[in-house]
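One file, model.txt, carrying compact mmCIF, C-alpha atoms:
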# COMPACT_ATOMS: atom_id res chain seq x y z
CA MET A 1 0.14 204.40 20.91
CA ASN A 2 3.55 203.51 19.60
CA GLU A 3 3.18 206.09 16.85
CA GLY A 4 2.47 208.82 19.45
CA VAL A 5 5.52 207.84 21.44
CA MET A 6 7.61 207.89 18.30
CA MET A 7 6.32 211.35 17.37
CA ASN A 8 7.10 212.76 20.86
CA HIS A 9 10.57 211.24 20.72
CA ASN A 10 11.20 212.86 17.35
CA ARG A 11 10.00 216.19 18.72
CA ASP A 12 12.39 215.93 21.65
CA GLU A 13 15.30 215.16 19.36
CA SER A 14 14.43 218.06 17.08
CA GLY A 15 14.21 220.38 20.14
CA VAL A 16 17.58 219.24 21.39
CA ALA A 17 18.97 219.71 17.95
CA SER A 18 17.53 223.19 17.72
CA VAL A 19 18.95 224.12 21.13
CA SER A 20 22.30 222.69 20.15
CA GLY A 21 22.14 224.65 16.93
CA THR A 22 21.30 227.79 18.82
CA SER A 23 24.15 227.20 21.27
CA THR A 24 26.51 226.58 18.40
CA LEU A 25 25.32 229.72 16.71
CA SER A 26 25.74 231.74 19.89
CA GLY A 27 29.20 230.32 20.36
CA SER A 28 30.12 231.15 16.82
CA SER A 29 28.67 234.65 17.25
CA LEU A 30 30.68 235.11 20.45
CA ALA A 31 33.76 233.90 18.70
CA ALA A 32 33.05 236.19 15.83
CA SER A 33 32.69 239.11 18.23
CA VAL A 34 36.17 238.67 19.73
CA PRO A 35 38.02 240.41 16.86
CA GLY A 36 35.56 243.29 17.19
CA SER A 37 36.44 243.60 20.89
CA GLU A 38 40.11 243.81 19.98
CA VAL A 39 39.33 246.56 17.49
CA GLN A 40 37.33 248.41 20.09
CA GLY A 41 40.18 248.04 22.58
CA GLN A 42 42.66 249.41 20.07
CA ARG A 43 40.31 252.25 19.27
CA GLY A 44 39.93 253.06 22.98
CA GLN A 45 43.69 253.00 23.43
CA ALA A 46 44.11 255.37 20.49
CA GLU A 47 41.49 257.71 21.91
CA LYS A 48 43.24 257.64 25.28
CA GLU A 49 46.59 258.48 23.68
CA ARG A 50 44.94 261.28 21.71
CA SER A 51 43.36 262.62 24.91
CA ASP A 52 46.72 262.48 26.71
CA GLY A 53 48.32 264.35 23.83
CA ASN A 54 45.64 267.03 23.96
CA THR A 55 46.10 267.33 27.73
CA GLY A 56 49.87 267.74 27.30
CA ARG A 57 49.42 270.43 24.66
CA LYS A 58 46.88 272.20 26.86
CA ARG A 59 49.35 272.23 29.76
CA ILE A 60 52.05 273.68 27.52
CA VAL A 61 49.68 276.39 26.31
CA LEU A 62 48.63 277.24 29.86
CA TYR A 63 52.29 277.43 30.89
CA LEU A 64 53.30 279.65 27.97
CA LEU A 65 50.24 281.89 28.08
CA PRO A 66 51.42 284.13 30.99
CA TRP A 67 54.82 284.54 29.35
CA LEU A 68 53.26 285.46 26.02
CA ALA A 69 50.91 287.91 27.75
CA GLY A 70 53.88 289.48 29.54
CA MET A 71 55.85 289.81 26.32
CA LEU A 72 52.85 291.39 24.61
CA PHE A 73 52.49 293.85 27.51
CA LEU A 74 56.17 294.83 27.29
CA ALA A 75 55.94 295.21 23.51
CA LEU A 76 52.92 297.52 23.80
CA TRP A 77 54.73 299.47 26.49
CA HIS A 78 57.95 299.72 24.46
CA PHE A 79 56.15 300.97 21.34
CA ARG A 80 54.37 303.64 23.43
CA PHE A 81 50.88 302.24 23.14
CA PHE A 82 50.10 303.21 26.74
CA HIS A 83 51.58 306.66 26.19
CA ARG A 84 49.10 307.33 23.42
CA LEU A 85 46.27 305.66 25.30
CA PHE A 86 46.70 307.72 28.49
CA SER A 87 48.34 310.80 26.92
CA LEU A 88 51.61 310.30 28.80
CA GLU A 89 55.04 311.69 28.03
CA SER A 90 58.25 309.67 28.13
CA TYR A 91 59.42 311.34 31.34
CA GLN A 92 56.16 310.30 33.01
CA LEU A 93 56.33 306.68 31.89
CA PRO A 94 59.79 305.56 30.74
CA VAL A 95 59.95 302.74 28.24
CA PRO A 96 61.33 299.36 29.38
CA SER A 97 64.66 299.91 27.63
CA ALA A 98 65.26 303.12 29.61
CA ILE A 99 64.40 301.35 32.86
CA ALA A 100 66.73 298.46 32.01
CA ALA A 101 69.55 300.94 31.25
CA SER A 102 68.97 302.65 34.60
CA ILE A 103 69.13 299.29 36.39
CA ARG A 104 72.47 298.52 34.73
CA GLU A 105 73.90 301.92 35.59
CA ASN A 106 72.81 301.78 39.23
CA ALA A 107 73.07 298.04 39.83
CA GLU A 108 75.31 298.28 42.90
CA MET A 109 73.14 300.83 44.69
CA LEU A 110 69.90 299.04 43.76
CA PHE A 111 71.27 295.74 45.05
CA ARG A 112 72.29 297.32 48.37
CA TYR A 113 68.93 299.02 48.81
CA ALA A 114 67.05 295.90 47.76
CA LEU A 115 68.94 293.91 50.38
CA TYR A 116 67.99 296.47 53.01
CA SER A 117 64.31 296.45 52.01
CA GLY A 118 64.34 292.67 51.75
CA THR A 119 65.58 292.44 55.33
CA GLU A 120 62.69 294.62 56.45
CA MET A 121 60.21 292.52 54.48
CA LEU A 122 61.44 289.18 55.77
CA GLY A 123 61.91 290.38 59.34
CA GLY A 124 58.42 291.87 59.57
CA PHE A 125 56.92 288.95 57.65
CA LEU A 126 58.37 286.34 60.00
CA LEU A 127 57.63 288.30 63.17
CA GLY A 128 54.08 289.20 62.18
CA SER A 129 53.27 285.71 60.92
CA LEU A 130 54.63 284.16 64.12
CA LEU A 131 52.64 286.47 66.37
CA GLY A 132 49.49 285.93 64.33
CA ALA A 133 49.95 282.16 64.39
CA LEU A 134 50.46 282.14 68.16
CA ALA A 135 47.35 284.28 68.64
CA ALA A 136 45.28 281.96 66.42
CA ALA A 137 46.60 278.84 68.18
CA GLY A 138 45.77 280.25 71.60
CA ALA A 139 42.33 281.38 70.46
CA SER A 140 41.52 277.92 69.07
CA PHE A 141 41.55 276.48 72.61
CA PHE A 142 38.78 278.92 73.55
CA PRO A 143 36.70 279.15 70.36
CA ILE A 144 34.01 281.56 71.58
CA SER A 145 36.16 284.17 73.30
CA GLY A 146 39.01 283.48 70.88
CA LYS A 147 36.81 284.38 67.92
CA ALA A 148 36.09 287.75 69.48
CA GLY A 149 39.80 288.32 70.08
CA VAL A 150 40.69 287.47 66.48
CA ALA A 151 37.98 289.83 65.27
CA VAL A 152 39.48 292.65 67.33
CA MET A 153 42.93 291.82 65.97
CA SER A 154 41.63 291.90 62.40
CA ALA A 155 40.73 295.56 62.98
CA LEU A 156 44.47 296.28 62.65
CA ASN A 157 44.10 295.79 58.91
CA ALA A 158 41.85 298.84 58.84
CA VAL A 159 44.69 301.08 60.08
CA PRO A 160 46.30 302.85 57.07
CA ILE A 161 50.00 302.24 56.64
CA VAL A 162 50.61 305.96 56.15
CA ALA A 163 49.19 306.51 59.65
CA LEU A 164 50.98 303.53 61.19
CA ALA A 165 54.46 304.27 59.82
CA PRO A 166 54.97 307.61 61.64
CA ILE A 167 53.82 306.03 64.91
CA MET A 168 56.31 303.17 64.54
CA ASN A 169 59.05 305.66 63.66
CA ASN A 170 58.20 307.57 66.83
CA TRP A 171 58.32 304.39 68.92
CA PHE A 172 61.35 302.60 67.41
CA GLY A 173 63.31 305.45 65.83
CA ASP A 174 64.32 305.87 62.22
CA GLY A 175 66.21 302.56 62.00
CA ILE A 176 65.26 299.30 60.40
CA TRP A 177 63.15 298.15 63.38
CA SER A 178 60.46 300.73 62.72
CA ARG A 179 59.77 299.28 59.26
CA ILE A 180 59.92 295.74 60.63
CA ALA A 181 57.32 296.78 63.21
CA VAL A 182 55.08 298.24 60.49
CA VAL A 183 55.25 295.03 58.45
CA ALA A 184 54.70 292.90 61.55
CA VAL A 185 51.54 294.78 62.53
CA ILE A 186 49.92 294.59 59.11
CA THR A 187 50.77 290.90 58.63
CA MET A 188 49.83 289.70 62.10
CA ALA A 189 46.07 290.13 61.63
CA ALA A 190 45.88 288.31 58.29
CA MET A 191 47.70 285.28 59.70
CA ALA A 192 45.54 285.21 62.84
CA VAL A 193 42.27 285.30 60.88
CA SER A 194 43.32 282.73 58.27
CA LEU A 195 44.86 280.24 60.69
CA PHE A 196 42.07 280.54 63.26
CA LYS A 197 39.54 279.62 60.58
CA GLY A 198 41.58 276.56 59.63
CA LEU A 199 42.03 275.46 63.24
CA THR A 200 38.35 275.71 64.13
CA SER A 201 36.64 274.47 60.96
CA ILE A 202 36.87 270.80 61.97
CA GLN A 203 34.13 268.31 61.12
CA PRO A 204 32.35 267.24 64.35
CA GLN A 205 32.83 263.50 63.81
CA TYR A 206 36.60 263.88 63.91
CA SER A 207 36.48 265.74 67.21
CA GLU A 208 34.03 263.20 68.61
CA LEU A 209 36.32 260.37 67.54
CA LEU A 210 39.33 261.81 69.36
CA GLY A 211 37.11 262.67 72.32
CA GLY A 212 36.01 259.03 72.48
CA LEU A 213 39.67 258.04 72.54
CA ALA A 214 40.20 260.32 75.58
CA ALA A 215 42.61 262.60 73.70
CA SER A 216 43.70 265.74 75.51
CA ASN A 217 43.22 269.22 74.07
CA MET A 218 46.89 269.39 73.13
CA GLN A 219 46.71 266.01 71.37
CA VAL A 220 43.63 267.13 69.46
CA PHE A 221 45.49 270.29 68.46
CA LEU A 222 48.65 268.49 67.30
CA LYS A 223 47.01 265.45 65.66
CA LEU A 224 43.89 267.02 64.16
CA ARG A 225 43.65 270.79 64.20
CA LEU A 226 47.18 271.70 63.13
CA PRO A 227 47.44 269.28 60.14
CA HIS A 228 43.95 270.34 59.04
CA ALA A 229 44.95 274.02 59.25
CA MET A 230 48.18 273.76 57.23
CA PRO A 231 46.55 274.97 53.96
CA SER A 232 45.12 277.95 55.86
CA LEU A 233 48.55 278.60 57.35
CA PHE A 234 50.18 278.82 53.94
CA ALA A 235 47.30 280.88 52.59
CA GLY A 236 48.05 283.40 55.33
CA LEU A 237 51.77 283.27 54.54
CA LYS A 238 51.16 284.03 50.87
CA ILE A 239 48.91 286.95 51.74
CA ASN A 240 51.48 288.24 54.22
CA MET A 241 54.32 288.02 51.74
CA SER A 242 52.50 290.31 49.34
CA THR A 243 51.48 292.66 52.14
CA SER A 244 54.96 292.85 53.64
CA ILE A 245 56.36 294.37 50.46
CA ILE A 246 53.80 297.17 50.58
CA GLY A 247 54.46 297.79 54.28
CA ALA A 248 58.23 297.98 53.87
CA ILE A 249 58.17 300.25 50.81
CA VAL A 250 55.58 302.66 52.23
CA GLY A 251 57.27 302.63 55.64
CA GLU A 252 60.48 303.83 54.01
CA PHE A 253 58.72 306.92 52.73
CA PHE A 254 58.95 308.29 56.30
CA ILE A 255 62.29 309.07 57.97
CA ALA A 256 64.53 306.57 56.17
CA SER A 257 68.04 306.88 54.81
CA GLN A 258 68.12 303.85 52.53
CA GLY A 259 65.91 301.22 50.97
CA LEU A 260 63.91 300.96 47.76
CA GLY A 261 61.03 303.02 49.16
CA TYR A 262 63.38 305.81 50.24
CA LEU A 263 65.09 305.82 46.84
CA LEU A 264 61.75 305.72 45.03
CA SER A 265 60.32 308.75 46.84
CA ASP A 266 63.61 310.64 46.49
CA GLN A 267 63.89 310.05 42.74
CA ILE A 268 60.26 311.00 42.15
CA ARG A 269 60.95 314.37 43.80
CA LEU A 270 63.97 314.76 41.52
CA ALA A 271 61.89 313.72 38.46
CA ASN A 272 64.38 310.93 37.69
CA MET A 273 61.65 308.56 36.57
CA PRO A 274 63.80 305.79 35.02
CA LEU A 275 65.54 305.21 38.37
CA ALA A 276 62.24 305.52 40.22
CA TRP A 277 60.70 302.87 37.99
CA SER A 278 63.82 300.75 38.51
CA CYS A 279 62.96 300.66 42.22
CA ILE A 280 59.43 299.54 41.37
CA VAL A 281 60.71 296.77 39.09
CA ILE A 282 63.24 295.53 41.66
CA ALA A 283 60.63 295.54 44.43
CA ALA A 284 58.19 293.60 42.21
CA ALA A 285 60.86 291.05 41.30
CA LEU A 286 61.80 290.65 44.96
CA GLY A 287 58.17 290.11 45.88
CA ILE A 288 57.69 287.49 43.17
CA VAL A 289 60.78 285.56 44.26
CA LEU A 290 59.75 285.52 47.92
CA TYR A 291 56.16 284.59 47.07
CA GLU A 292 57.32 281.67 44.91
CA ALA A 293 59.54 280.55 47.79
CA VAL A 294 56.44 280.28 49.98
CA VAL A 295 54.60 278.38 47.23
CA LEU A 296 57.53 275.95 46.89
CA ALA A 297 57.58 275.37 50.65
CA GLU A 298 53.84 274.67 50.56
CA LYS A 299 54.29 272.06 47.83
CA ARG A 300 57.07 270.36 49.77
CA LEU A 301 55.47 270.40 53.22
CA ILE A 302 51.82 269.65 52.38
CA PRO A 303 51.81 267.74 49.06
CA TRP A 304 48.39 266.25 49.85
CA ASN A 305 46.79 269.69 49.54
CA ARG A 306 48.31 270.12 46.08
CA THR A 307 46.93 266.75 44.98
CA ARG A 308 43.47 267.59 46.32
CA THR A 309 43.53 270.99 44.62
CA ASN A 310 44.60 269.57 41.26
CA SER A 311 41.95 266.87 41.42
Rendering of file as structure tokens:
Amino acid sequence: MNEGVMMNHNRDESGVASVSGTSTLSGSSLAASVPGSEVQGQRGQAEKERSDGNTGRKRIVLYLLPWLAGMLFLALWHFRFFHRLFSLESYQLPVPSAIAASIRENAEMLFRYALYSGTEMLGGFLLGSLLGALAAAGASFFPISGKAGVAVMSALNAVPIVALAPIMNNWFGDGIWSRIAVVAVITMAAMAVSLFKGLTSIQPQYSELLGGLAASNMQVFLKLRLPHAMPSLFAGLKINMSTSIIGAIVGEFFIASQGLGYLLSDQIRLANMPLAWSCIVIAAALGIVLYEAVVLAEKRLIPWNRTRTNS
């Protein structure tokens, strides 16, 4: 009996000892694994820095790529690659150096005409965008009938500018207001369609929440619909800025005495292609500057949309 008790006691001690040994071994293993964790942490940090470096280089490449593509395009143009490709003569497609020389020689006249055309662009752009925004805002209070009204307004985009310009000249004369009216008409529909979509594409739970708080229609518009529609507003502005340049230039083809479009059509008739292409280059540069101004305003006024887009 005593021997059995002694044997059980010895077994218990050996079990405790084995558990203690296992615990000690586990502790030593855990301790031994700590340096490995530090190595893994350092390795992860190095991989993160390498990834950040690759991301920075990728951003630089993406930034430089359009410039390199543009330089390649100008080089191919300058060395008459497009002339041989499309069987063109130099008087049909002047090289960039000839266009640059024409811009230098006629800088004062081009600046004056660009200022005139720019006034038409901006005036029609602002007027058309304002009218389109007001139409979309009013239609958003009556979604069903407002949608039909916006659809009818969008039909204005189907009217060709070459048909609209003579009508506006007949209504407003041959002054600057006829071209402003042309630009306003062709930009009004795009703004109305884009903004109306932004004002009405609200998730139902948001409207129900404000309805439960007894918000008025005007409060819902100012607190919910308008902030939600700001990206659509700037999308319409960017579209209108590009469209306004076309409207102003084409509108000047009819009964105009100055402007880039007038000078362009006049110099094409005289076969003075370097000066004609100078008008095209100036109009393109003016359009790019005004478009980037709209993009900059969008980044400043709705930075949350930029963050959401980048993410």
Closest atom pairs, residues of region 47-109 of chain A within 6 Å of region 272-283 of chain A, only C-alpha atoms, as CSV:
residue,atom,partner,partner_atom,distance
A:Pro94,CA,A:Pro274,CA,5.9
A:Ile99,CA,A:Pro274,CA,5.0
A:Ser102,CA,A:Leu275,CA,5.7
A:Ile103,CA,A:Ser278,CA,5.9
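Distances from A:Leu264, A:Trp77, A:Ser242, A:Phe234 to Val295 (chain A) were compared using only C-alpha atoms, and the smallest one belongs to A:Phe234.
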With only C-alpha atoms as the atoms that count, which of A:Ile161, A:Met109, A:Val182, A:Leu224 lies nearest to Gly128 (chain A)? A:Val182
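Distance-wise, CA of Ala229 (chain A) and CA of Ser201 (chain A) end up 8.5 Å apart.
Residue neighbourhood of Ser244 (chain A), excluding near-sequence residues (fewer than 2 positions): Glu120, Met121, Leu122, Gly124, Phe125, Val182, Val183, Ala184, Ile186, Thr187, Ile239, Asn240, Met241, Ser242, Ile246, Gly247, Ala248, Ile249 and Gly287 of chain A, at 9 Å, using all atoms listed in the file.
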Two-atom distance - CA of Ser117 (chain A), CA of Ile268 (chain A) (Å): 18.0 Å
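In this model, the gap between CA of Leu156 (chain A) and CA of Ile245 (chain A) comes to 17.1 Å.
Distances here use all atoms listed in the file; by that measure, the residue among A:Gly132, A:Pro204, A:Gly118, A:Gly251 closest to Met168 (chain A) is A:Gly251.
You can rank A:Leu126, A:Leu226, A:Ala101, A:Ile176 by their closest distance to Gly198 (chain A) using all atoms listed in the file, and at the top of that list sits A:Leu226.
The closest residue to Arg225 (chain A), picked from A:Ala100, A:Leu164, A:Ala192, A:Ala137 and counting only C-alpha atoms, is A:Ala137.
When only C-alpha atoms are used to measure the gap to Asn106 (chain A), the shortest distance among A:Leu130, A:Leu286, A:Leu263, A:Val294 belongs to A:Leu263.
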Which residues come within 10 Å of Lys197 (chain A), counting only C-alpha atoms, excluding same-chain residues fewer than 3 positions away, as a ChimeraX atom specification? /A:136,140,147,150,191-194,200-202,229,232-233
